file data-v8.tsv (TSV, C-alpha atoms)
chain	number	residue	atom	x	y	z
A	1100	MET	CA	19.84	6.63	17.58
A	1101	LEU	CA	17.05	8.16	15.51
A	1102	LYS	CA	18.34	6.52	12.32
A	1103	GLN	CA	18.34	3.07	13.95
A	1104	ILE	CA	14.77	3.51	15.21
A	1105	ILE	CA	13.51	4.58	11.78
A	1106	PHE	CA	15.26	1.68	10.08
A	1107	ALA	CA	13.68	-0.80	12.50
A	1108	VAL	CA	10.20	0.69	11.98
A	1109	MET	CA	10.61	0.50	8.20
A	1110	LEU	CA	11.61	-3.16	8.34
A	1111	LEU	CA	8.67	-3.99	10.61
A	1112	ILE	CA	6.10	-2.27	8.41
A	1113	THR	CA	7.56	-3.82	5.27
A	1114	GLY	CA	7.41	-7.31	6.76
A	1115	VAL	CA	3.80	-6.88	7.87
A	1116	SER	CA	2.73	-5.49	4.50
A	1117	ILE	CA	4.30	-8.07	2.17
A	1118	ALA	CA	1.34	-10.47	2.38
A	1119	GLN	CA	-1.36	-7.79	2.31
A	1120	ASN	CA	-3.38	-6.73	-0.72
A	1121	GLY	CA	-3.63	-3.02	-1.35
A	1122	THR	CA	-7.05	-3.31	-2.99
A	1123	THR	CA	-10.21	-5.40	-3.15
A	1124	SER	CA	-11.62	-3.63	-6.19
A	1125	PRO	CA	-12.95	-5.58	-9.20
A	1126	TYR	CA	-11.74	-2.67	-11.33
A	1127	SER	CA	-8.17	-3.72	-10.57
A	1128	TYR	CA	-8.72	-6.40	-13.23
A	1129	PHE	CA	-8.22	-3.86	-16.00
A	1130	GLY	CA	-4.75	-3.06	-17.28
A	1131	ILE	CA	-1.90	-3.87	-14.87
A	1132	GLY	CA	-4.01	-3.20	-11.79
A	1133	GLU	CA	-5.36	-0.28	-9.83
A	1134	GLN	CA	-2.83	2.55	-9.92
A	1135	LYS	CA	-1.76	3.58	-6.44
A	1136	PHE	CA	-1.53	7.21	-5.43
A	1137	LYS	CA	2.05	8.40	-5.87
A	1138	GLY	CA	2.30	10.88	-3.05
A	1139	THR	CA	2.66	11.37	0.67
A	1140	ALA	CA	0.00	11.23	3.37
A	1141	GLU	CA	0.34	15.02	3.57
A	1142	ASN	CA	-0.62	15.26	-0.13
A	1143	ARG	CA	-3.54	12.85	0.27
A	1144	SER	CA	-4.96	14.91	3.13
A	1145	MET	CA	-5.21	17.86	0.70
A	1146	GLY	CA	-7.10	16.00	-2.01
A	1147	GLY	CA	-3.85	14.70	-3.50
A	1148	LEU	CA	-2.55	18.23	-4.13
A	1149	SER	CA	1.20	18.28	-4.79
A	1150	VAL	CA	1.75	21.94	-5.75
A	1151	TYR	CA	3.18	22.98	-2.39
A	1152	SER	CA	6.60	21.84	-1.18
A	1153	ASP	CA	8.83	22.96	1.68
A	1154	SER	CA	12.17	22.28	3.37
A	1155	ILE	CA	11.02	19.54	5.80
A	1156	HIS	CA	8.77	17.21	3.76
A	1157	LEU	CA	9.24	14.95	0.76
A	1158	ASN	CA	7.03	15.32	-2.32
A	1159	PHE	CA	7.10	12.25	-4.59
A	1160	GLN	CA	4.89	13.72	-7.30
A	1161	ASN	CA	7.25	16.55	-8.24
A	1162	PRO	CA	10.96	15.60	-8.14
A	1163	ALA	CA	11.95	19.29	-8.23
A	1164	SER	CA	10.84	19.65	-4.61
A	1165	VAL	CA	13.74	17.64	-3.18
A	1166	ALA	CA	16.13	20.53	-3.92
A	1167	LYS	CA	14.33	22.59	-1.26
A	1168	LEU	CA	15.13	20.20	1.61
A	1169	GLN	CA	17.19	21.69	4.45
A	1170	LEU	CA	17.26	18.58	6.63
A	1171	VAL	CA	17.56	14.85	5.98
A	1172	ASN	CA	14.01	13.51	5.84
A	1173	TYR	CA	12.86	9.95	6.58
A	1174	ALA	CA	9.33	9.13	5.44
A	1175	VAL	CA	7.24	6.00	5.90
A	1176	ALA	CA	3.47	5.50	5.62
A	1177	GLY	CA	0.68	2.95	5.55
A	1178	SER	CA	-3.05	3.02	4.91
A	1179	TYR	CA	-6.25	1.14	5.68
A	1180	LYS	CA	-9.27	1.07	3.38
A	1181	TYR	CA	-12.84	0.09	4.24
A	1182	VAL	CA	-15.09	-0.22	1.21
A	1183	THR	CA	-18.73	-1.09	0.58
A	1184	GLN	CA	-19.19	-2.69	-2.85
A	1185	SER	CA	-22.71	-2.79	-4.24
A	1186	THR	CA	-24.60	-3.77	-7.37
A	1187	GLU	CA	-28.28	-3.16	-8.12
A	1188	THR	CA	-29.22	-6.22	-6.04
A	1189	GLU	CA	-26.34	-7.09	-3.67
A	1190	GLU	CA	-23.90	-5.47	-1.25
A	1191	GLN	CA	-20.75	-6.55	0.59
A	1192	ASN	CA	-17.98	-4.99	2.68
A	1193	ALA	CA	-14.23	-5.43	2.28
A	1194	THR	CA	-11.00	-4.08	3.77
A	1195	ALA	CA	-7.44	-3.63	2.52
A	1196	THR	CA	-4.21	-2.62	4.26
A	1197	SER	CA	-1.02	-1.57	2.52
A	1198	LEU	CA	2.40	-0.04	2.90
A	1199	ASP	CA	2.34	3.24	0.95
A	1200	TYR	CA	6.01	4.21	0.84
A	1201	ILE	CA	9.45	4.15	2.43
A	1202	ALA	CA	11.79	6.97	1.39
A	1203	ILE	CA	14.72	9.16	2.38
A	1204	GLY	CA	15.56	12.66	1.15
A	1205	ILE	CA	19.04	14.19	1.48
A	1206	PRO	CA	19.92	17.89	0.92
A	1207	MET	CA	23.29	18.72	-0.66
A	1208	GLY	CA	23.47	22.47	-0.99
A	1209	ARG	CA	21.61	23.47	-4.13
A	1210	PHE	CA	21.25	19.79	-5.00
A	1211	GLY	CA	18.85	17.35	-3.46
A	1212	VAL	CA	18.40	13.60	-3.80
A	1213	SER	CA	15.75	11.17	-2.59
A	1214	PHE	CA	15.18	7.46	-3.04
A	1215	GLY	CA	12.75	4.87	-1.81
A	1216	LEU	CA	10.17	2.18	-2.49
A	1217	LEU	CA	6.44	2.48	-3.10
A	1218	PRO	CA	3.70	0.36	-4.70
A	1219	TYR	CA	2.82	1.35	-8.28
A	1220	THR	CA	-0.22	-0.80	-9.07
A	1221	THR	CA	-2.12	-3.49	-7.20
A	1222	VAL	CA	-4.46	-6.31	-8.23
A	1223	GLY	CA	-6.87	-7.83	-5.73
A	1224	TYR	CA	-10.38	-9.12	-6.42
A	1225	LYS	CA	-12.54	-12.18	-5.85
A	1226	LEU	CA	-15.90	-12.37	-7.61
A	1227	GLU	CA	-18.51	-15.05	-8.22
A	1228	SER	CA	-21.55	-15.05	-10.47
A	1229	GLU	CA	-24.15	-17.81	-10.49
A	1230	ASN	CA	-27.38	-18.31	-12.40
A	1231	GLU	CA	-29.46	-21.25	-13.61
A	1232	GLU	CA	-27.04	-22.02	-16.44
A	1233	THR	CA	-23.52	-20.96	-15.40
A	1234	ILE	CA	-21.21	-20.61	-12.41
A	1235	SER	CA	-18.35	-18.13	-12.93
A	1236	GLN	CA	-15.51	-17.28	-10.56
A	1237	TYR	CA	-12.87	-14.55	-10.98
A	1238	THR	CA	-9.83	-13.93	-8.76
A	1239	GLY	CA	-6.73	-11.78	-9.10
A	1240	THR	CA	-3.66	-10.95	-7.01
A	1241	GLY	CA	-0.33	-9.15	-7.35
A	1242	GLY	CA	0.83	-5.80	-8.65
A	1243	LEU	CA	3.85	-3.65	-9.44
A	1244	ASN	CA	6.32	-1.96	-7.09
A	1245	LYS	CA	8.48	1.05	-7.85
A	1246	VAL	CA	12.04	1.75	-6.73
A	1247	PHE	CA	12.81	5.39	-7.42
A	1248	MET	CA	15.67	7.87	-7.20
A	1249	ALA	CA	15.09	11.60	-7.68
A	1250	PHE	CA	17.62	14.36	-8.36
A	1251	ALA	CA	16.92	18.09	-8.27
A	1252	TYR	CA	18.79	21.38	-8.57
A	1253	GLN	CA	17.82	24.83	-7.32
A	1254	PHE	CA	18.87	27.23	-10.10
A	1255	THR	CA	17.60	30.29	-8.18
A	1256	PRO	CA	15.81	30.73	-4.83
A	1257	ASN	CA	12.56	30.72	-6.83
A	1258	PHE	CA	13.17	28.07	-9.50
A	1259	THR	CA	13.95	24.36	-9.12
A	1260	PHE	CA	14.03	21.48	-11.60
A	1261	GLY	CA	14.22	17.75	-11.01
A	1262	ILE	CA	13.96	14.28	-12.51
A	1263	ASP	CA	13.22	10.89	-11.00
A	1264	ALA	CA	14.12	7.52	-12.47
A	1265	ASN	CA	11.98	4.52	-11.56
A	1266	TYR	CA	12.49	0.79	-11.88
A	1267	ASN	CA	9.10	-0.96	-11.85
A	1268	PHE	CA	8.79	-4.66	-11.15
A	1269	GLY	CA	6.23	-7.20	-10.00
A	1270	ASN	CA	3.87	-9.95	-11.06
A	1271	THR	CA	0.15	-10.61	-11.38
A	1272	GLU	CA	-2.04	-13.68	-11.46
A	1273	LYS	CA	-5.60	-13.70	-12.79
A	1274	LYS	CA	-7.86	-16.76	-12.69
A	1275	THR	CA	-11.17	-17.34	-14.45
A	1276	PHE	CA	-13.35	-20.41	-13.89
A	1277	VAL	CA	-16.57	-21.15	-15.81
A	1278	ASP	CA	-18.81	-24.17	-15.22
A	1279	GLU	CA	-21.99	-24.68	-17.21
A	1280	VAL	CA	-24.76	-26.50	-15.40
A	1281	GLY	CA	-25.32	-29.94	-16.89
A	1282	ASN	CA	-21.82	-30.26	-18.35
A	1283	GLN	CA	-19.42	-32.81	-16.90
A	1284	PHE	CA	-16.43	-30.50	-17.18
A	1285	GLY	CA	-15.73	-26.83	-16.56
A	1286	THR	CA	-13.03	-24.51	-17.90
A	1287	ARG	CA	-10.33	-22.68	-15.94
A	1288	GLU	CA	-7.91	-20.09	-17.32
A	1289	VAL	CA	-4.90	-18.89	-15.31
A	1290	LEU	CA	-2.83	-15.96	-16.57
A	1291	ARG	CA	0.48	-15.33	-14.81
A	1292	SER	CA	2.80	-12.52	-15.82
A	1293	ASP	CA	6.06	-10.99	-14.59
A	1294	LEU	CA	6.50	-7.33	-15.47
A	1295	LYS	CA	9.47	-4.98	-15.36
A	1296	GLY	CA	10.59	-1.72	-16.91
A	1297	PHE	CA	11.93	1.79	-16.38
A	1298	SER	CA	9.98	5.04	-16.28
A	1299	PHE	CA	10.88	8.70	-15.76
A	1300	ASN	CA	9.24	11.82	-14.39
A	1301	PHE	CA	10.35	15.44	-14.91
A	1302	GLY	CA	9.27	18.30	-12.67
A	1303	ALA	CA	9.71	22.05	-12.21
A	1304	GLU	CA	8.59	24.58	-9.62
A	1305	TYR	CA	8.61	28.37	-9.70
A	1306	ILE	CA	7.63	30.82	-6.93
A	1307	PHE	CA	6.47	34.40	-7.55
A	1308	LYS	CA	6.86	36.78	-4.61
A	1309	LEU	CA	3.72	38.94	-4.63
A	1310	ASN	CA	4.79	40.96	-1.57
A	1311	ASP	CA	6.76	40.48	1.66
A	1312	TYR	CA	4.33	37.83	2.90
A	1313	LEU	CA	2.28	36.45	0.02
A	1314	GLN	CA	3.65	34.14	-2.67
A	1315	LEU	CA	2.31	32.35	-5.74
A	1316	THR	CA	3.62	28.81	-6.31
A	1317	THR	CA	3.41	27.10	-9.72
A	1318	SER	CA	4.48	23.58	-10.65
A	1319	ALA	CA	4.47	21.23	-13.61
A	1320	THR	CA	5.43	17.59	-14.14
A	1321	TYR	CA	5.61	15.33	-17.18
A	1322	SER	CA	5.95	11.54	-17.35
A	1323	PRO	CA	6.70	10.26	-20.88
A	1324	ALA	CA	5.00	7.15	-22.21
A	1325	THR	CA	6.92	3.96	-21.49
A	1326	SER	CA	6.79	0.22	-22.13
A	1327	PHE	CA	7.01	-2.61	-19.60
A	1328	LYS	CA	8.25	-6.05	-20.59
A	1329	ALA	CA	5.93	-8.91	-19.69
A	1330	ASP	CA	6.88	-12.59	-19.48
A	1331	GLY	CA	4.42	-15.19	-18.36
A	1332	GLU	CA	2.16	-18.06	-19.23
A	1333	ARG	CA	-1.50	-18.73	-19.95
A	1334	SER	CA	-2.82	-22.12	-18.87
A	1335	LEU	CA	-6.19	-23.46	-20.02
A	1336	SER	CA	-7.57	-26.43	-18.09
A	1337	THR	CA	-10.53	-28.77	-18.34
A	1338	THR	CA	-11.77	-29.19	-14.76
A	1339	ILE	CA	-14.17	-31.09	-12.56
A	1340	LEU	CA	-16.00	-29.13	-9.87
A	1341	THR	CA	-16.15	-30.94	-6.52
A	1342	ASP	CA	-19.03	-30.71	-4.03
A	1343	ASN	CA	-17.14	-28.13	-1.93
A	1344	GLY	CA	-16.60	-25.83	-4.94
A	1345	THR	CA	-12.97	-26.74	-5.73
A	1346	ALA	CA	-12.02	-26.97	-9.41
A	1347	ILE	CA	-9.71	-29.95	-10.06
A	1348	PRO	CA	-7.84	-29.83	-13.41
A	1349	VAL	CA	-8.14	-32.90	-15.62
A	1350	ASP	CA	-6.24	-31.71	-18.68
A	1351	THR	CA	-4.08	-28.58	-18.94
A	1352	ARG	CA	-2.48	-26.83	-21.89
A	1353	VAL	CA	0.09	-24.07	-21.32
A	1354	THR	CA	1.05	-21.25	-23.67
A	1355	TYR	CA	4.21	-19.29	-22.82
A	1356	LEU	CA	4.06	-15.52	-23.29
A	1357	ASP	CA	7.54	-14.00	-23.49
A	1358	GLY	CA	8.81	-10.58	-24.50
A	1359	LEU	CA	5.45	-8.81	-24.71
A	1360	ASP	CA	5.30	-5.01	-24.48
A	1361	ILE	CA	2.72	-3.30	-22.27
A	1362	LYS	CA	2.52	0.35	-23.28
A	1363	PHE	CA	1.85	2.68	-20.38
A	1364	PRO	CA	0.63	6.22	-21.19
A	1365	SER	CA	2.20	9.62	-20.64
A	1366	GLN	CA	0.91	12.05	-17.99
A	1367	PHE	CA	1.09	15.83	-17.69
A	1368	THR	CA	0.24	17.80	-14.52
A	1369	ILE	CA	0.11	21.53	-13.93
A	1370	GLY	CA	-0.92	23.41	-10.80
A	1371	GLY	CA	-0.69	26.58	-8.81
A	1372	GLY	CA	-1.52	28.01	-5.42
A	1373	ILE	CA	-1.24	31.03	-3.21
A	1374	GLY	CA	-0.34	31.40	0.44
A	1375	THR	CA	1.96	32.61	3.16
A	1376	SER	CA	4.97	30.48	4.05
A	1377	LYS	CA	4.43	28.47	7.27
A	1378	ASP	CA	0.92	29.91	7.76
A	1379	TRP	CA	-1.57	28.86	5.07
A	1380	PHE	CA	-1.84	27.72	1.46
A	1381	ILE	CA	-4.60	26.89	-1.03
A	1382	GLY	CA	-4.06	25.50	-4.51
A	1383	ALA	CA	-5.46	23.51	-7.42
A	1384	GLN	CA	-4.00	21.23	-10.07
A	1385	TYR	CA	-5.00	19.43	-13.25
A	1386	SER	CA	-3.64	16.21	-14.76
A	1387	ASN	CA	-4.14	14.62	-18.15
A	1388	VAL	CA	-3.34	10.94	-18.69
A	1389	LYS	CA	-3.22	9.58	-22.26
A	1390	MET	CA	-4.98	6.32	-21.39
A	1391	SER	CA	-6.16	6.04	-25.00
A	1392	ASN	CA	-2.58	4.96	-25.79
A	1393	PHE	CA	-2.61	2.18	-23.19
A	1394	ASN	CA	-2.08	-1.27	-24.69
A	1395	ASP	CA	-1.93	-4.57	-22.83
A	1396	PRO	CA	-1.75	-7.66	-25.09
A	1397	LEU	CA	-2.54	-9.83	-22.05
A	1398	LEU	CA	-5.91	-8.15	-21.47
A	1399	ASN	CA	-9.06	-9.62	-22.97
A	1400	VAL	CA	-10.67	-6.27	-23.81
A	1401	GLY	CA	-14.30	-7.31	-24.37
A	1402	THR	CA	-16.57	-4.36	-23.53
A	1403	ILE	CA	-13.69	-2.20	-22.19
A	1404	GLU	CA	-12.66	1.01	-23.91
A	1405	PHE	CA	-9.66	3.07	-22.83
A	1406	MET	CA	-9.77	6.87	-23.19
A	1407	ASP	CA	-7.81	9.92	-22.09
A	1408	ALA	CA	-8.37	10.74	-18.42
A	1409	ASN	CA	-8.61	14.09	-16.64
A	1410	ARG	CA	-8.02	14.57	-12.92
A	1411	TYR	CA	-8.83	17.62	-10.81
A	1412	ARG	CA	-7.64	18.38	-7.28
A	1413	ILE	CA	-8.04	21.26	-4.85
A	1414	GLY	CA	-6.75	21.59	-1.30
A	1415	GLY	CA	-4.65	23.41	1.22
A	1416	PHE	CA	-3.48	23.73	4.81
A	1417	PHE	CA	-3.57	26.10	7.77
A	1418	ILE	CA	-1.13	26.51	10.69
A	1419	PRO	CA	-2.37	28.82	13.50
A	1420	ASN	CA	1.17	29.62	14.75
A	1421	TYR	CA	4.01	27.31	13.69
A	1422	ASN	CA	6.44	28.49	16.42
A	1423	SER	CA	3.95	28.82	19.28
A	1424	ILE	CA	5.32	28.02	22.72
A	1425	SER	CA	2.12	28.34	24.73
A	1426	SER	CA	-0.09	25.99	22.66
A	1427	TYR	CA	0.79	22.68	21.02
A	1428	TRP	CA	-2.37	22.77	18.88
A	1429	HIS	CA	-1.35	26.11	17.40
A	1430	ARG	CA	1.66	24.31	15.84
A	1431	VAL	CA	-0.49	21.56	14.30
A	1432	VAL	CA	-0.97	21.59	10.49
A	1433	TYR	CA	-4.64	21.30	9.50
A	1434	ARG	CA	-5.23	20.01	5.95
A	1435	ALA	CA	-8.26	19.45	3.71
A	1436	GLY	CA	-9.03	18.90	0.03
A	1437	ALA	CA	-11.17	17.25	-2.65
A	1438	ARG	CA	-10.58	15.44	-5.92
A	1439	TYR	CA	-12.45	14.24	-8.99
A	1440	GLU	CA	-10.76	11.68	-11.25
A	1441	GLU	CA	-11.54	9.94	-14.50
A	1442	ASN	CA	-9.89	6.52	-14.38
A	1443	GLY	CA	-9.56	6.37	-18.14
A	1444	PHE	CA	-11.70	3.37	-19.04
A	1445	ASN	CA	-15.30	2.70	-20.00
A	1446	VAL	CA	-16.94	-0.61	-19.09
A	1447	ALA	CA	-20.25	-1.70	-20.64
A	1448	GLY	CA	-20.89	1.87	-21.78
A	1449	GLU	CA	-20.21	3.42	-18.36
A	1450	ASP	CA	-17.28	5.68	-17.42
A	1451	ILE	CA	-15.59	4.57	-14.18
A	1452	ASN	CA	-14.94	7.83	-12.34
A	1453	GLU	CA	-13.92	8.58	-8.75
A	1454	PHE	CA	-14.58	11.31	-6.19
A	1455	GLY	CA	-13.08	11.90	-2.76
A	1456	ILE	CA	-13.03	14.42	0.10
A	1457	SER	CA	-10.11	14.33	2.53
A	1458	PHE	CA	-8.84	16.00	5.68
A	1459	GLY	CA	-6.01	15.46	8.13
A	1460	VAL	CA	-3.54	16.85	10.64
A	1461	GLY	CA	0.23	17.05	10.98
A	1462	LEU	CA	1.21	16.59	14.62
A	1463	PRO	CA	4.65	17.93	15.67
A	1464	VAL	CA	6.98	15.36	17.27
A	1465	GLY	CA	10.61	15.50	18.36
A	1466	ARG	CA	13.19	17.95	17.01
A	1467	PHE	CA	13.72	19.61	13.65
A	1468	TYR	CA	10.01	20.01	12.83
A	1469	SER	CA	9.36	16.26	12.55
A	1470	ASN	CA	5.70	15.25	12.49
A	1471	LEU	CA	3.19	12.45	12.60
A	1472	ASN	CA	0.58	12.84	9.86
A	1473	LEU	CA	-2.91	11.38	10.13
A	1474	GLY	CA	-5.51	11.67	7.37
A	1475	PHE	CA	-8.93	10.43	6.33
A	1476	GLU	CA	-10.81	10.28	3.04
A	1477	ILE	CA	-14.38	9.43	2.07
A	1478	GLY	CA	-15.48	8.92	-1.52
A	1479	SER	CA	-16.94	6.69	-4.20
A	1480	ARG	CA	-16.01	5.06	-7.49
A	1481	GLY	CA	-17.97	3.43	-10.28
A	1482	THR	CA	-21.70	2.91	-10.79
A	1483	THR	CA	-24.35	0.22	-10.40
A	1484	ASN	CA	-25.65	0.77	-13.94
A	1485	ASN	CA	-25.47	-2.11	-16.44
A	1486	GLY	CA	-24.60	-4.65	-13.76
A	1487	LEU	CA	-21.43	-2.85	-12.63
A	1488	VAL	CA	-20.10	-2.32	-9.09
A	1489	LYS	CA	-20.15	0.93	-7.13
A	1490	GLU	CA	-17.61	1.35	-4.33
A	1491	ASN	CA	-18.10	3.68	-1.37
A	1492	PHE	CA	-14.84	3.87	0.57
A	1493	PHE	CA	-13.34	5.27	3.74
A	1494	ASN	CA	-9.54	5.56	3.79
A	1495	THR	CA	-7.32	6.08	6.80
A	1496	PHE	CA	-3.64	6.87	6.25
A	1497	ILE	CA	-0.80	7.57	8.64
A	1498	SER	CA	2.80	8.59	8.09
A	1499	LEU	CA	5.96	9.59	9.88
A	1500	SER	CA	7.96	12.47	8.40
A	1501	LEU	CA	11.07	12.68	10.55
A	1502	ASN	CA	13.93	15.12	10.08
A	1503	ASP	CA	17.52	14.83	11.18
A	1504	LYS	CA	20.75	16.76	10.66
A	1505	TRP	CA	23.76	14.84	9.35
A	1506	PHE	CA	27.37	15.88	9.90
A	1507	GLU	CA	26.40	18.10	12.81
A	1508	LYS	CA	29.53	19.40	14.54
A	1509	ARG	CA	29.52	18.70	18.28
A	1510	TYR	CA	31.24	21.21	20.55
A	1511	ILE	CA	30.67	19.22	23.78
A	1512	ASP	CA	30.77	15.43	23.78

call {"tool": "encode", "arguments": {"input": "data-v8.tsv", "output": "structure tokens"}}
result
Amino acid sequence: MLKQIIFAVMLLITGVSIAQNGTTSPYSYFGIGEQKFKGTAENRSMGGLSVYSDSIHLNFQNPASVAKLQLVNYAVAGSYKYVTQSTETEEQNATATSLDYIAIGIPMGRFGVSFGLLPYTTVGYKLESENEETISQYTGTGGLNKVFMAFAYQFTPNFTFGIDANYNFGNTEKKTFVDEVGNQFGTREVLRSDLKGFSFNFGAEYIFKLNDYLQLTTSATYSPATSFKADGERSLSTTILTDNGTAIPVDTRVTYLDGLDIKFPSQFTIGGGIGTSKDWFIGAQYSNVKMSNFNDPLLNVGTIEFMDANRYRIGGFFIPNYNSISSYWHRVVYRAGARYEENGFNVAGEDINEFGISFGVGLPVGRFYSNLNLGFEIGSRGTTNNGLVKENFFNTFISLSLNDKWFEKRYID
């Protein structure tokens, strides 16, 4: 019965989320969109920390973790984002809702396998600039999704290694309209592209037993550079702007863009943490992304410069008493963390960096240590210098991490 309920919930959330944008950020214009966080709600509640893994939760960031599963795990999550976008002179509010992931993990002795679907990048912005001489409008939609399958093997009780293979697919559409005051005609450019390609991620985890209770956990992951194929078209139109602001094309010329390669950079992550199993844990991790190697032939670079990015995360959790009978709240997992990230691009001489503080809880539900995870994050991205946009955001994310036992032998029917 549990499997049928989970399947129905997944279908419902997927259907609701198909038409929803995962971002409203103007910075999603650059590259192939704003890169979504590849991790669970439990990770996000700890500043995005992915060092820790256990036998009852999935960990998408390190494929080695799936070898530690002892129960079949179903995971599904969604998030809601409220953001205030401001320049030096103006301010507006926006919201975005998205499906974050659907996944299943299956233990098979020393082996483990997981598979699922999650968004990879998302494009979503609508901007307008008007002065005495020019009216400019910019809109963008779309993004990439990722279907993944991870395999892992536990060589020893302390060492695991894994790999995940990903098929990335999706499409984007970016529109630019410029109308100069006094001219009879304006100009509209529409860039549509379909993207697809494979990517891989390798991960390892090693645990050092410091004593009977305390252990040191270390982890490392590496994603090699990869290329996505892009097919699309660029249309350039002469337009007439109506009184209600609609641009009507008068003459259109289309250029087909087939077989282009978008080079996506490699990423390396290393981390470590210390704690007591099922009681508490605190850790930190560092990532380096070779964004200087990013190349998108569809992007009109202008004043944009790509550079290597560094990301720092710290976080942890605390469980008062995981097997308490007298108090439900003693079995709750309390999580918190912080992160600082360089997004890897400079616009108009300004680095676009991001900072966030997060916290959350894991609420026990049902059998087999299943839980409902609720988290929150506050933070900011960007700057108002040089006419850019600063975003102050508040994220809410919720997930179900449900465990079940397959092939359980029944003694009484």

call {"tool": "residues_around", "arguments": {"input": "data-v8.tsv", "residues": "A:Arg1410", "least_positions_apart": "2", "cutoff": "6 Å", "atoms": "all atoms listed in the file", "output": "list in words"}}
result
Tyr1385, Ser1386, Tyr1439 and Glu1440 of chain A

call {"tool": "write_last_selection", "arguments": {"input": "data-v8.tsv", "atoms": "C-alpha atoms", "output": "PDB file, in the coordinates of the input"}}
result
ATOM      1  CA  TYR A1385      -5.000  19.430 -13.250  1.00  0.00           C
ATOM      2  CA  SER A1386      -3.640  16.210 -14.760  1.00  0.00           C
ATOM      3  CA  TYR A1439     -12.450  14.240  -8.990  1.00  0.00           C
ATOM      4  CA  GLU A1440     -10.760  11.680 -11.250  1.00  0.00           C
TER       5      GLU A1440
END

call {"tool": "closest_residue", "arguments": {"input": "data-v8.tsv", "among": "A:Lys1167, A:Lys1504, A:Lys1225, A:Lys1245", "to": "A:Gly1208", "atoms": "all atoms listed in the file"}}
result
A:Lys1167

call {"tool": "residues_around", "arguments": {"input": "data-v8.tsv", "residues": "A:Tyr1179", "least_positions_apart": "6", "cutoff": "8 Å", "atoms": "all atoms listed in the file", "output": "number ranges by chain"}}
result
A: 1194-1197, 1494-1496

call {"tool": "atom_distance", "arguments": {"input": "data-v8.tsv", "atom1": "atom CA of A:Val1432", "atom2": "atom CA of A:Val1460"}}
result
5.4 Å

call {"tool": "atom_distance", "arguments": {"input": "data-v8.tsv", "atom1": "atom CA of A:Ala1176", "atom2": "atom CA of A:Thr1139"}}
result
7.7 Å

call {"tool": "residues_around", "arguments": {"input": "data-v8.tsv", "residues": "A:Arg1143", "least_positions_apart": "2", "cutoff": "9 Å", "atoms": "only C-alpha atoms", "output": "list in words"}}
result
Phe1136, Gly1138, Thr1139, Ala1140, Glu1141, Met1145, Gly1146, Gly1147, Leu1148, Ser1149, Ala1435, Gly1436, Ser1457, Phe1458, Gly1459, Gly1474, Phe1475, Glu1476 and Phe1496 of chain A

call {"tool": "atom_distance", "arguments": {"input": "data-v8.tsv", "atom1": "atom CA of A:Tyr1237", "atom2": "atom CA of A:Val1388"}}
result
28.3 Å

call {"tool": "residues_near_point", "arguments": {"input": "data-v8.tsv", "point": "(-19.4, 7.8, 2.6)", "cutoff": "7 Å", "atoms": "all atoms listed in the file", "output": "list in words"}}
result
Ile1477, Gly1478, Asn1491, Phe1492 and Phe1493 of chain A

call {"tool": "residues_near_point", "arguments": {"input": "data-v8.tsv", "point": "(10.4, -6.2, -14.2)", "cutoff": "8 Å", "atoms": "all atoms listed in the file", "output": "list in words"}}
result
Tyr1266, Asn1267, Phe1268, Gly1269, Asp1293, Leu1294, Lys1295, Gly1296, Phe1327, Lys1328 and Ala1329 of chain A

call {"tool": "closest_residue", "arguments": {"input": "data-v8.tsv", "among": "A:Leu1356, A:Val1431, A:Leu1168, A:Leu1340", "to": "A:Gln1283", "atoms": "all atoms listed in the file"}}
result
A:Leu1340

call {"tool": "closest_residue", "arguments": {"input": "data-v8.tsv", "among": "A:Asn1300, A:Ser1144, A:Ser1213, A:Asn1192", "to": "A:Val1165", "atoms": "only C-alpha atoms"}}
result
A:Ser1213

call {"tool": "residues_around", "arguments": {"input": "data-v8.tsv", "residues": "A:Gly1239", "least_positions_apart": "4", "cutoff": "12 Å", "atoms": "only C-alpha atoms", "output": "ChimeraX atom specification"}}
result
/A:1120,1122-1129,1131-1133,1221-1226,1270-1276,1288-1292

call {"tool": "closest_residue", "arguments": {"input": "data-v8.tsv", "among": "A:Val1182, A:Ile1369, A:Leu1473, A:Val1353", "to": "A:Ala1319", "atoms": "all atoms listed in the file"}}
result
A:Ile1369

call {"tool": "closest_residue", "arguments": {"input": "data-v8.tsv", "among": "A:His1156, A:Lys1377, A:Arg1209, A:Arg1430", "to": "A:Gln1314", "atoms": "all atoms listed in the file"}}
result
A:Lys1377

call {"tool": "closest_residue", "arguments": {"input": "data-v8.tsv", "among": "A:Arg1333, A:Leu1499, A:Ser1469, A:Ser1154", "to": "A:Ile1201", "atoms": "all atoms listed in the file"}}
result
A:Leu1499

call {"tool": "residues_around", "arguments": {"input": "data-v8.tsv", "residues": "A:Val1277", "least_positions_apart": "6", "cutoff": "7 Å", "atoms": "all atoms listed in the file", "output": "JSON, numbers by chain"}}
result
{"A": [1233, 1234, 1235, 1236, 1285, 1286, 1287]}
